[in-house]
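Source file: protein18.tsv. Holds: TSV, N, CA and C atoms.
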chain	number	residue	atom	x	y	z
A	110	GLN	N	-50.79	50.72	-37.72
A	110	GLN	CA	-52.02	50.09	-37.30
A	110	GLN	C	-53.17	50.56	-38.19
A	111	VAL	N	-53.85	49.59	-38.78
A	111	VAL	CA	-54.96	49.92	-39.67
A	111	VAL	C	-56.16	50.37	-38.85
A	112	GLN	N	-56.75	51.48	-39.28
A	112	GLN	CA	-57.97	51.95	-38.64
A	112	GLN	C	-58.96	52.43	-39.69
A	113	LEU	N	-60.19	52.02	-39.53
A	113	LEU	CA	-61.31	52.51	-40.33
A	113	LEU	C	-62.36	52.99	-39.34
A	114	ALA	N	-62.78	54.23	-39.49
A	114	ALA	CA	-63.73	54.80	-38.54
A	114	ALA	C	-64.89	55.44	-39.28
A	115	GLU	N	-66.07	54.85	-39.08
A	115	GLU	CA	-67.28	55.37	-39.73
A	115	GLU	C	-67.94	56.45	-38.87
A	116	SER	N	-68.65	57.33	-39.54
A	116	SER	CA	-69.43	58.35	-38.85
A	116	SER	C	-70.58	58.76	-39.76
A	117	GLY	N	-71.53	59.49	-39.19
A	117	GLY	CA	-72.62	60.04	-39.98
A	117	GLY	C	-73.93	59.31	-39.87
A	118	GLY	N	-73.96	58.20	-39.15
A	118	GLY	CA	-75.22	57.49	-38.99
A	118	GLY	C	-76.18	58.27	-38.12
A	119	GLY	N	-77.42	57.78	-38.06
A	119	GLY	CA	-78.42	58.44	-37.25
A	119	GLY	C	-79.80	57.93	-37.57
A	120	SER	N	-80.79	58.65	-37.08
A	120	SER	CA	-82.19	58.28	-37.31
A	120	SER	C	-82.85	59.29	-38.22
A	121	VAL	N	-83.51	58.79	-39.26
A	121	VAL	CA	-84.21	59.66	-40.19
A	121	VAL	C	-85.56	59.03	-40.53
A	122	GLN	N	-86.41	59.84	-41.08
A	122	GLN	CA	-87.69	59.33	-41.55
A	122	GLN	C	-87.55	58.83	-42.99
A	123	ALA	N	-88.47	57.99	-43.38
A	123	ALA	CA	-88.47	57.47	-44.75
A	123	ALA	C	-88.44	58.62	-45.75
A	124	ARG	N	-87.70	58.39	-46.82
A	124	ARG	CA	-87.47	59.36	-47.91
A	124	ARG	C	-86.45	60.42	-47.53
A	125	GLY	N	-85.87	60.29	-46.32
A	125	GLY	CA	-84.83	61.23	-45.92
A	125	GLY	C	-83.47	60.81	-46.46
A	126	SER	N	-82.44	61.59	-46.07
A	126	SER	CA	-81.08	61.36	-46.56
A	126	SER	C	-80.09	61.37	-45.41
A	127	LEU	N	-79.01	60.65	-45.61
A	127	LEU	CA	-77.87	60.66	-44.70
A	127	LEU	C	-76.60	60.53	-45.51
A	128	ARG	N	-75.52	61.05	-44.98
A	128	ARG	CA	-74.22	60.88	-45.61
A	128	ARG	C	-73.27	60.23	-44.62
A	129	LEU	N	-72.81	59.05	-44.95
A	129	LEU	CA	-71.85	58.36	-44.10
A	129	LEU	C	-70.43	58.69	-44.56
A	130	SER	N	-69.52	58.73	-43.60
A	130	SER	CA	-68.11	58.96	-43.89
A	130	SER	C	-67.28	57.88	-43.22
A	131	CYS	N	-66.13	57.60	-43.81
A	131	CYS	CA	-65.19	56.64	-43.23
A	131	CYS	C	-63.79	57.19	-43.41
A	132	SER	N	-63.10	57.36	-42.30
A	132	SER	CA	-61.71	57.80	-42.38
A	132	SER	C	-60.81	56.58	-42.26
A	133	ALA	N	-59.73	56.58	-43.04
A	133	ALA	CA	-58.84	55.42	-43.10
A	133	ALA	C	-57.41	55.83	-42.76
A	134	SER	N	-56.71	54.93	-42.09
A	134	SER	CA	-55.31	55.16	-41.77
A	134	SER	C	-54.59	53.84	-41.62
A	135	GLY	N	-53.26	53.87	-41.77
A	135	GLY	CA	-52.47	52.67	-41.52
A	135	GLY	C	-52.24	51.76	-42.70
A	136	PHE	N	-52.68	52.16	-43.88
A	136	PHE	CA	-52.45	51.35	-45.08
A	136	PHE	C	-52.49	52.29	-46.28
A	137	PRO	N	-51.93	51.85	-47.42
A	137	PRO	CA	-51.89	52.70	-48.61
A	137	PRO	C	-53.27	52.84	-49.25
A	138	TYR	N	-54.02	53.78	-48.76
A	138	TYR	CA	-55.44	53.92	-49.07
A	138	TYR	C	-55.73	53.92	-50.57
A	139	SER	N	-54.94	54.67	-51.33
A	139	SER	CA	-55.23	54.81	-52.76
A	139	SER	C	-55.05	53.51	-53.53
A	140	ALA	N	-54.40	52.53	-52.93
A	140	ALA	CA	-54.17	51.24	-53.58
A	140	ALA	C	-55.15	50.17	-53.13
A	141	TYR	N	-56.21	50.59	-52.46
A	141	TYR	CA	-57.18	49.65	-51.91
A	141	TYR	C	-58.58	49.89	-52.48
A	142	CYS	N	-59.27	48.79	-52.69
A	142	CYS	CA	-60.70	48.82	-52.95
A	142	CYS	C	-61.39	49.14	-51.63
A	143	MET	N	-62.38	50.02	-51.68
A	143	MET	CA	-63.13	50.39	-50.48
A	143	MET	C	-64.60	50.05	-50.67
A	144	GLY	N	-65.20	49.56	-49.62
A	144	GLY	CA	-66.60	49.15	-49.73
A	144	GLY	C	-67.43	49.55	-48.52
A	145	TRP	N	-68.72	49.61	-48.73
A	145	TRP	CA	-69.69	49.77	-47.66
A	145	TRP	C	-70.54	48.50	-47.59
A	146	PHE	N	-70.68	48.00	-46.39
A	146	PHE	CA	-71.54	46.86	-46.12
A	146	PHE	C	-72.55	47.26	-45.05
A	147	ARG	N	-73.58	46.45	-44.90
A	147	ARG	CA	-74.55	46.70	-43.83
A	147	ARG	C	-75.06	45.37	-43.28
A	148	GLN	N	-75.49	45.44	-42.04
A	148	GLN	CA	-76.02	44.25	-41.39
A	148	GLN	C	-77.19	44.64	-40.50
A	149	ALA	N	-78.34	44.09	-40.80
A	149	ALA	CA	-79.53	44.29	-39.98
A	149	ALA	C	-79.64	43.15	-38.98
A	150	PRO	N	-80.32	43.37	-37.87
A	150	PRO	CA	-80.46	42.31	-36.86
A	150	PRO	C	-81.03	41.02	-37.45
A	151	GLY	N	-80.37	39.91	-37.19
A	151	GLY	CA	-80.83	38.62	-37.66
A	151	GLY	C	-80.53	38.32	-39.11
A	152	LYS	N	-79.81	39.22	-39.75
A	152	LYS	CA	-79.48	39.02	-41.17
A	152	LYS	C	-77.96	38.98	-41.37
A	153	GLU	N	-77.56	38.44	-42.50
A	153	GLU	CA	-76.14	38.42	-42.82
A	153	GLU	C	-75.67	39.80	-43.28
A	154	ARG	N	-74.38	40.01	-43.11
A	154	ARG	CA	-73.80	41.25	-43.59
A	154	ARG	C	-73.79	41.22	-45.11
A	155	GLU	N	-74.26	42.31	-45.73
A	155	GLU	CA	-74.36	42.36	-47.18
A	155	GLU	C	-73.68	43.60	-47.73
A	156	VAL	N	-73.23	43.48	-48.95
A	156	VAL	CA	-72.57	44.61	-49.58
A	156	VAL	C	-73.60	45.66	-49.97
A	157	VAL	N	-73.19	46.90	-49.90
A	157	VAL	CA	-74.01	48.03	-50.35
A	157	VAL	C	-73.41	48.61	-51.63
A	158	ALA	N	-72.11	48.90	-51.56
A	158	ALA	CA	-71.43	49.49	-52.71
A	158	ALA	C	-69.93	49.34	-52.51
A	159	ALA	N	-69.20	49.44	-53.62
A	159	ALA	CA	-67.75	49.39	-53.56
A	159	ALA	C	-67.18	50.30	-54.64
A	160	ILE	N	-65.98	50.80	-54.37
A	160	ILE	CA	-65.32	51.67	-55.33
A	160	ILE	C	-63.87	51.24	-55.45
A	161	SER	N	-63.46	51.03	-56.68
A	161	SER	CA	-62.16	50.44	-56.94
A	161	SER	C	-61.07	51.51	-57.03
A	162	ILE	N	-59.84	51.06	-57.28
A	162	ILE	CA	-58.70	51.96	-57.36
A	162	ILE	C	-58.92	53.02	-58.43
A	163	GLY	N	-59.41	52.60	-59.57
A	163	GLY	CA	-59.64	53.52	-60.68
A	163	GLY	C	-61.03	54.14	-60.67
A	164	ASP	N	-61.66	54.15	-59.47
A	164	ASP	CA	-62.99	54.73	-59.30
A	164	ASP	C	-64.08	53.99	-60.05
A	165	TYR	N	-63.82	52.72	-60.38
A	165	TYR	CA	-64.91	51.92	-60.92
A	165	TYR	C	-65.83	51.56	-59.77
A	166	ILE	N	-67.13	51.72	-59.98
A	166	ILE	CA	-68.09	51.64	-58.89
A	166	ILE	C	-69.07	50.50	-59.09
A	167	TYR	N	-69.40	49.86	-57.99
A	167	TYR	CA	-70.37	48.78	-57.98
A	167	TYR	C	-71.44	49.10	-56.94
A	168	TYR	N	-72.69	48.75	-57.25
A	168	TYR	CA	-73.79	48.93	-56.30
A	168	TYR	C	-74.62	47.66	-56.20
A	169	ALA	N	-75.11	47.41	-55.00
A	169	ALA	CA	-76.12	46.38	-54.85
A	169	ALA	C	-77.40	46.86	-55.53
A	170	ALA	N	-78.14	45.93	-56.07
A	170	ALA	CA	-79.35	46.28	-56.81
A	170	ALA	C	-80.35	47.05	-55.93
A	171	SER	N	-80.36	46.74	-54.65
A	171	SER	CA	-81.34	47.35	-53.74
A	171	SER	C	-81.09	48.82	-53.49
A	172	VAL	N	-79.88	49.31	-53.78
A	172	VAL	CA	-79.57	50.70	-53.49
A	172	VAL	C	-79.23	51.51	-54.73
A	173	LYS	N	-79.11	50.85	-55.86
A	173	LYS	CA	-78.71	51.55	-57.08
A	173	LYS	C	-79.73	52.63	-57.42
A	174	GLY	N	-79.22	53.81	-57.71
A	174	GLY	CA	-80.10	54.94	-58.02
A	174	GLY	C	-80.46	55.77	-56.80
A	175	ARG	N	-80.21	55.24	-55.60
A	175	ARG	CA	-80.51	55.98	-54.38
A	175	ARG	C	-79.24	56.33	-53.60
A	176	PHE	N	-78.25	55.46	-53.64
A	176	PHE	CA	-77.01	55.66	-52.90
A	176	PHE	C	-75.88	56.00	-53.86
A	177	THR	N	-74.93	56.79	-53.36
A	177	THR	CA	-73.74	57.13	-54.16
A	177	THR	C	-72.50	56.96	-53.30
A	178	ILE	N	-71.58	56.14	-53.78
A	178	ILE	CA	-70.31	55.95	-53.09
A	178	ILE	C	-69.26	56.83	-53.75
A	179	SER	N	-68.36	57.37	-52.94
A	179	SER	CA	-67.27	58.17	-53.48
A	179	SER	C	-66.08	58.08	-52.54
A	180	ARG	N	-64.92	58.45	-53.05
A	180	ARG	CA	-63.71	58.42	-52.23
A	180	ARG	C	-62.87	59.65	-52.53
A	181	ASP	N	-62.11	60.07	-51.53
A	181	ASP	CA	-61.16	61.17	-51.66
A	181	ASP	C	-59.82	60.61	-51.21
A	182	ASN	N	-58.97	60.28	-52.16
A	182	ASN	CA	-57.71	59.64	-51.81
A	182	ASN	C	-56.78	60.60	-51.05
A	183	ALA	N	-56.82	61.87	-51.37
A	183	ALA	CA	-55.96	62.84	-50.69
A	183	ALA	C	-56.31	62.93	-49.20
A	184	LYS	N	-57.59	62.84	-48.89
A	184	LYS	CA	-58.04	62.93	-47.50
A	184	LYS	C	-58.18	61.56	-46.85
A	185	ARG	N	-58.00	60.50	-47.63
A	185	ARG	CA	-58.16	59.14	-47.14
A	185	ARG	C	-59.56	58.94	-46.57
A	186	MET	N	-60.52	59.37	-47.32
A	186	MET	CA	-61.91	59.31	-46.87
A	186	MET	C	-62.75	58.54	-47.88
A	187	LEU	N	-63.77	57.88	-47.35
A	187	LEU	CA	-64.77	57.18	-48.13
A	187	LEU	C	-66.12	57.73	-47.71
A	188	TYR	N	-67.03	57.88	-48.68
A	188	TYR	CA	-68.35	58.44	-48.39
A	188	TYR	C	-69.45	57.56	-48.97
A	189	LEU	N	-70.62	57.67	-48.35
A	189	LEU	CA	-71.81	57.04	-48.90
A	189	LEU	C	-72.97	58.01	-48.72
A	190	GLN	N	-73.40	58.60	-49.82
A	190	GLN	CA	-74.57	59.46	-49.80
A	190	GLN	C	-75.80	58.60	-49.99
A	191	MET	N	-76.71	58.65	-49.04
A	191	MET	CA	-77.89	57.80	-49.08
A	191	MET	C	-79.13	58.68	-49.17
A	192	ASN	N	-79.84	58.57	-50.26
A	192	ASN	CA	-81.07	59.33	-50.49
A	192	ASN	C	-82.26	58.38	-50.56
A	193	SER	N	-83.43	58.95	-50.43
A	193	SER	CA	-84.67	58.17	-50.51
A	193	SER	C	-84.61	56.94	-49.61
A	194	LEU	N	-84.17	57.15	-48.39
A	194	LEU	CA	-84.02	56.04	-47.47
A	194	LEU	C	-85.36	55.40	-47.13
A	195	GLN	N	-85.33	54.10	-46.95
A	195	GLN	CA	-86.51	53.32	-46.62
A	195	GLN	C	-86.25	52.54	-45.34
A	196	PRO	N	-87.29	52.15	-44.64
A	196	PRO	CA	-87.09	51.38	-43.40
A	196	PRO	C	-86.21	50.15	-43.59
A	197	GLU	N	-86.28	49.54	-44.74
A	197	GLU	CA	-85.46	48.34	-44.98
A	197	GLU	C	-83.98	48.66	-45.12
A	198	ASP	N	-83.63	49.93	-45.18
A	198	ASP	CA	-82.22	50.34	-45.18
A	198	ASP	C	-81.64	50.41	-43.77
A	199	SER	N	-82.48	50.26	-42.77
A	199	SER	CA	-82.01	50.32	-41.39
A	199	SER	C	-81.04	49.18	-41.11
A	200	ALA	N	-79.87	49.52	-40.61
A	200	ALA	CA	-78.83	48.52	-40.35
A	200	ALA	C	-77.62	49.20	-39.75
A	201	MET	N	-76.68	48.39	-39.32
A	201	MET	CA	-75.36	48.90	-38.98
A	201	MET	C	-74.56	48.92	-40.28
A	202	TYR	N	-73.96	50.05	-40.58
A	202	TYR	CA	-73.20	50.21	-41.81
A	202	TYR	C	-71.71	50.18	-41.50
A	203	TYR	N	-70.98	49.37	-42.29
A	203	TYR	CA	-69.56	49.17	-42.08
A	203	TYR	C	-68.76	49.60	-43.30
A	204	CYS	N	-67.63	50.18	-43.03
A	204	CYS	CA	-66.64	50.50	-44.03
A	204	CYS	C	-65.64	49.34	-44.08
A	205	ALA	N	-65.20	48.96	-45.29
A	205	ALA	CA	-64.27	47.85	-45.43
A	205	ALA	C	-63.26	48.14	-46.52
A	206	ALA	N	-62.11	47.46	-46.43
A	206	ALA	CA	-61.04	47.70	-47.39
A	206	ALA	C	-60.36	46.39	-47.76
A	207	LYS	N	-59.91	46.32	-49.02
A	207	LYS	CA	-59.09	45.20	-49.44
A	207	LYS	C	-58.09	45.69	-50.47
A	208	ALA	N	-56.92	45.07	-50.49
A	208	ALA	CA	-55.85	45.49	-51.37
A	208	ALA	C	-56.20	45.25	-52.83
A	209	GLY	N	-55.82	46.20	-53.67
A	209	GLY	CA	-56.01	46.05	-55.10
A	209	GLY	C	-57.40	46.46	-55.56
A	210	ASN	N	-57.74	45.98	-56.73
A	210	ASN	CA	-59.06	46.28	-57.29
A	210	ASN	C	-60.15	45.47	-56.59
A	211	CYS	N	-61.37	45.95	-56.72
A	211	CYS	CA	-62.48	45.26	-56.06
A	211	CYS	C	-62.74	43.89	-56.68
A	212	GLY	N	-62.55	43.82	-58.00
A	212	GLY	CA	-62.80	42.55	-58.66
A	212	GLY	C	-64.21	42.46	-59.18
A	213	THR	N	-64.33	42.30	-60.49
A	213	THR	CA	-65.65	42.27	-61.11
A	213	THR	C	-66.52	41.15	-60.56
A	214	ILE	N	-65.89	40.02	-60.21
A	214	ILE	CA	-66.65	38.86	-59.76
A	214	ILE	C	-66.81	38.84	-58.25
A	215	VAL	N	-65.83	39.34	-57.53
A	215	VAL	CA	-65.83	39.16	-56.08
A	215	VAL	C	-66.04	40.46	-55.30
A	216	TRP	N	-66.41	41.54	-55.98
A	216	TRP	CA	-66.50	42.82	-55.29
A	216	TRP	C	-67.47	42.79	-54.12
A	217	TYR	N	-68.45	41.90	-54.17
A	217	TYR	CA	-69.49	41.86	-53.15
A	217	TYR	C	-69.20	40.85	-52.04
A	218	GLU	N	-68.13	40.08	-52.19
A	218	GLU	CA	-67.83	39.02	-51.23
A	218	GLU	C	-67.17	39.60	-49.99
A	219	ARG	N	-67.88	39.56	-48.87
A	219	ARG	CA	-67.33	40.18	-47.66
A	219	ARG	C	-66.07	39.50	-47.19
A	220	ASN	N	-65.92	38.20	-47.47
A	220	ASN	CA	-64.74	37.47	-47.01
A	220	ASN	C	-63.47	37.90	-47.73
A	221	THR	N	-63.59	38.65	-48.81
A	221	THR	CA	-62.39	39.10	-49.52
A	221	THR	C	-61.87	40.43	-48.99
A	222	TYR	N	-62.58	41.05	-48.08
A	222	TYR	CA	-62.16	42.33	-47.50
A	222	TYR	C	-61.35	42.07	-46.23
A	223	ASN	N	-60.22	42.76	-46.13
A	223	ASN	CA	-59.27	42.51	-45.05
A	223	ASN	C	-59.53	43.32	-43.79
A	224	TYR	N	-59.95	44.56	-43.99
A	224	TYR	CA	-60.07	45.48	-42.87
A	224	TYR	C	-61.50	45.99	-42.75
A	225	TRP	N	-61.94	46.16	-41.51
A	225	TRP	CA	-63.30	46.58	-41.22
A	225	TRP	C	-63.33	47.65	-40.14
A	226	GLY	N	-64.29	48.56	-40.26
A	226	GLY	CA	-64.54	49.51	-39.19
A	226	GLY	C	-65.51	48.94	-38.17
A	227	GLN	N	-65.84	49.75	-37.17
A	227	GLN	CA	-66.72	49.32	-36.09
A	227	GLN	C	-68.20	49.50	-36.43
A	228	GLY	N	-68.47	50.30	-37.43
A	228	GLY	CA	-69.85	50.48	-37.87
A	228	GLY	C	-70.51	51.73	-37.33
A	229	THR	N	-71.51	52.18	-38.06
A	229	THR	CA	-72.34	53.30	-37.63
A	229	THR	C	-73.80	52.93	-37.92
A	230	GLN	N	-74.67	53.20	-36.96
A	230	GLN	CA	-76.05	52.76	-37.05
A	230	GLN	C	-76.89	53.72	-37.86
A	231	VAL	N	-77.69	53.16	-38.75
A	231	VAL	CA	-78.66	53.92	-39.52
A	231	VAL	C	-80.05	53.35	-39.23
A	232	THR	N	-80.95	54.22	-38.81
A	232	THR	CA	-82.31	53.80	-38.52
A	232	THR	C	-83.28	54.67	-39.30
A	233	VAL	N	-84.13	54.03	-40.09
A	233	VAL	CA	-85.10	54.74	-40.91
A	233	VAL	C	-86.50	54.36	-40.45
A	234	SER	N	-87.26	55.36	-40.07
A	234	SER	CA	-88.62	55.11	-39.60
A	234	SER	C	-89.63	55.45	-40.67
A	235	SER	N	-90.74	54.73	-40.65
A	235	SER	CA	-91.76	54.94	-41.69
A	235	SER	C	-92.72	56.03	-41.30

Let me see the file written as structure tokens.
Amino acid sequence: QVQLAESGGGSVQARGSLRLSCSASGFPYSAYCMGWFRQAPGKEREVVAAISIGDYIYYAASVKGRFTISRDNAKRMLYLQMNSLQPEDSAMYYCAAKAGNCGTIVWYERNTYNYWGQGTQVTVSS
């Protein structure tokens, strides 16, 4: 049974930091592209970052330079270090997985991801 479980969300003030974690089980983790998505109330779910099998990394323009995605295949863990947080970063953050590489063209397409976690809430106050 595939499981993705996010943790590490919370409430912080603007310019603060948070580190999200996602534990994975039930699938060959090292052979999957892993991604972080977020969804704010009334908005569509959008990609934040993704990391491919060979550790090739993609970032949304809105978070590049502030967020860092990483993975530990031995521990089956995915991380998102978020620095310089802004109120517009407030959202539910989801961990997602899809088989194979992320894909240079489709890495950001949420419909290409097969598995999703339940999400962890991040709230940034000004």

**Prompt:** If you measure from CA of Asp181 in chain A to CA of Ile214 in chain A, what distance in Å do you get, rounded to one decimal?
**Reply:** 24.4 Å

**Message:** Quick check, in Å to one decimal: how far apart do CA of Phe146 in chain A and CA of Ser234 in chain A lie?
**Reply:**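 CA of Ser234 in chain A lies at a distance of 20.1 Å from CA of Phe146 in chain A.
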
**Request:** In Å, rounded to a single decimal, give me how far CA of Ser193 in chain A is from atom N of Ser126 in chain A.
**Result:** 6.0 Å

**Request:** Counting only C-alpha atoms, figure out which residue out of A:Leu113, A:Met191, A:Tyr141, A:Gly135 gets nearest to Ala158 in chain A.
**Result:** A:Met191

If we count only N, CA and C atoms and set the cut-off at 7 Å, which residues sit around Leu189 in chain A, ignoring sequence neighbours fewer than 3 positions away in its own chain? Please answer as a compact mmCIF listing (two decimals) with N, CA and C atoms, keeping the file's coordinate frame.
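part.txt was written with the following content:
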# COMPACT_ATOMS: atom_id res chain seq x y z
N LEU A 127 -79.01 60.65 -45.61
CA LEU A 127 -77.87 60.66 -44.70
C LEU A 127 -76.60 60.53 -45.51
N ARG A 128 -75.52 61.05 -44.98
CA ARG A 128 -74.22 60.88 -45.61
C ARG A 128 -73.27 60.23 -44.62
N LEU A 129 -72.81 59.05 -44.95
CA LEU A 129 -71.85 58.36 -44.10
C LEU A 129 -70.43 58.69 -44.56
N SER A 130 -69.52 58.73 -43.60
CA SER A 130 -68.11 58.96 -43.89
C SER A 130 -67.28 57.88 -43.22
N CYS A 131 -66.13 57.60 -43.81
CA CYS A 131 -65.19 56.64 -43.23
C CYS A 131 -63.79 57.19 -43.41
N PHE A 176 -78.25 55.46 -53.64
CA PHE A 176 -77.01 55.66 -52.90
C PHE A 176 -75.88 56.00 -53.86
N THR A 177 -74.93 56.79 -53.36
CA THR A 177 -73.74 57.13 -54.16
C THR A 177 -72.50 56.96 -53.30
N ILE A 178 -71.58 56.14 -53.78
CA ILE A 178 -70.31 55.95 -53.09
C ILE A 178 -69.26 56.83 -53.75
N SER A 179 -68.36 57.37 -52.94
CA SER A 179 -67.27 58.17 -53.48
C SER A 179 -66.08 58.08 -52.54

**Message:** Considering only helix (DSSP H, G or I) as DSSP defines it on the backbone, what residues of chain A qualify? List them as a list in words.
**Reply:** Tyr138, Ser139, Ala140, Pro196, Glu197, Asp198, Arg219, Asn220 and Thr221 of chain A

Give me the residues within 5 Å of Cys211 in chain A as a CSV table (one decimal) with N, CA and C atoms, in the frame of the given file, counting only N, CA and C atoms and dropping any in the same chain fewer than 2 places off.
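Below is the file selection.csv, written as the result:
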chain,number,residue,atom,x,y,z
A,142,CYS,N,-59.3,48.8,-52.7
A,142,CYS,CA,-60.7,48.8,-53.0
A,142,CYS,C,-61.4,49.1,-51.6
A,161,SER,N,-63.5,51.0,-56.7
A,161,SER,CA,-62.2,50.4,-56.9
A,161,SER,C,-61.1,51.5,-57.0
A,209,GLY,N,-55.8,46.2,-53.7
A,209,GLY,CA,-56.0,46.0,-55.1
A,209,GLY,C,-57.4,46.5,-55.6
A,213,THR,N,-64.3,42.3,-60.5
A,213,THR,CA,-65.6,42.3,-61.1
A,213,THR,C,-66.5,41.2,-60.6
A,215,VAL,N,-65.8,39.3,-57.5
A,215,VAL,CA,-65.8,39.2,-56.1
A,215,VAL,C,-66.0,40.5,-55.3
A,216,TRP,N,-66.4,41.5,-56.0
A,216,TRP,CA,-66.5,42.8,-55.3
A,216,TRP,C,-67.5,42.8,-54.1

**Request:** Determine, counting all atoms listed in the file, which protein, DNA and RNA residues have an atom within 6 Å of an atom of Gly228 in chain A; residues of the same chain fewer than 6 positions away are not included. Present the result as number ranges by chain.
**Result:** A: 115, 201-204
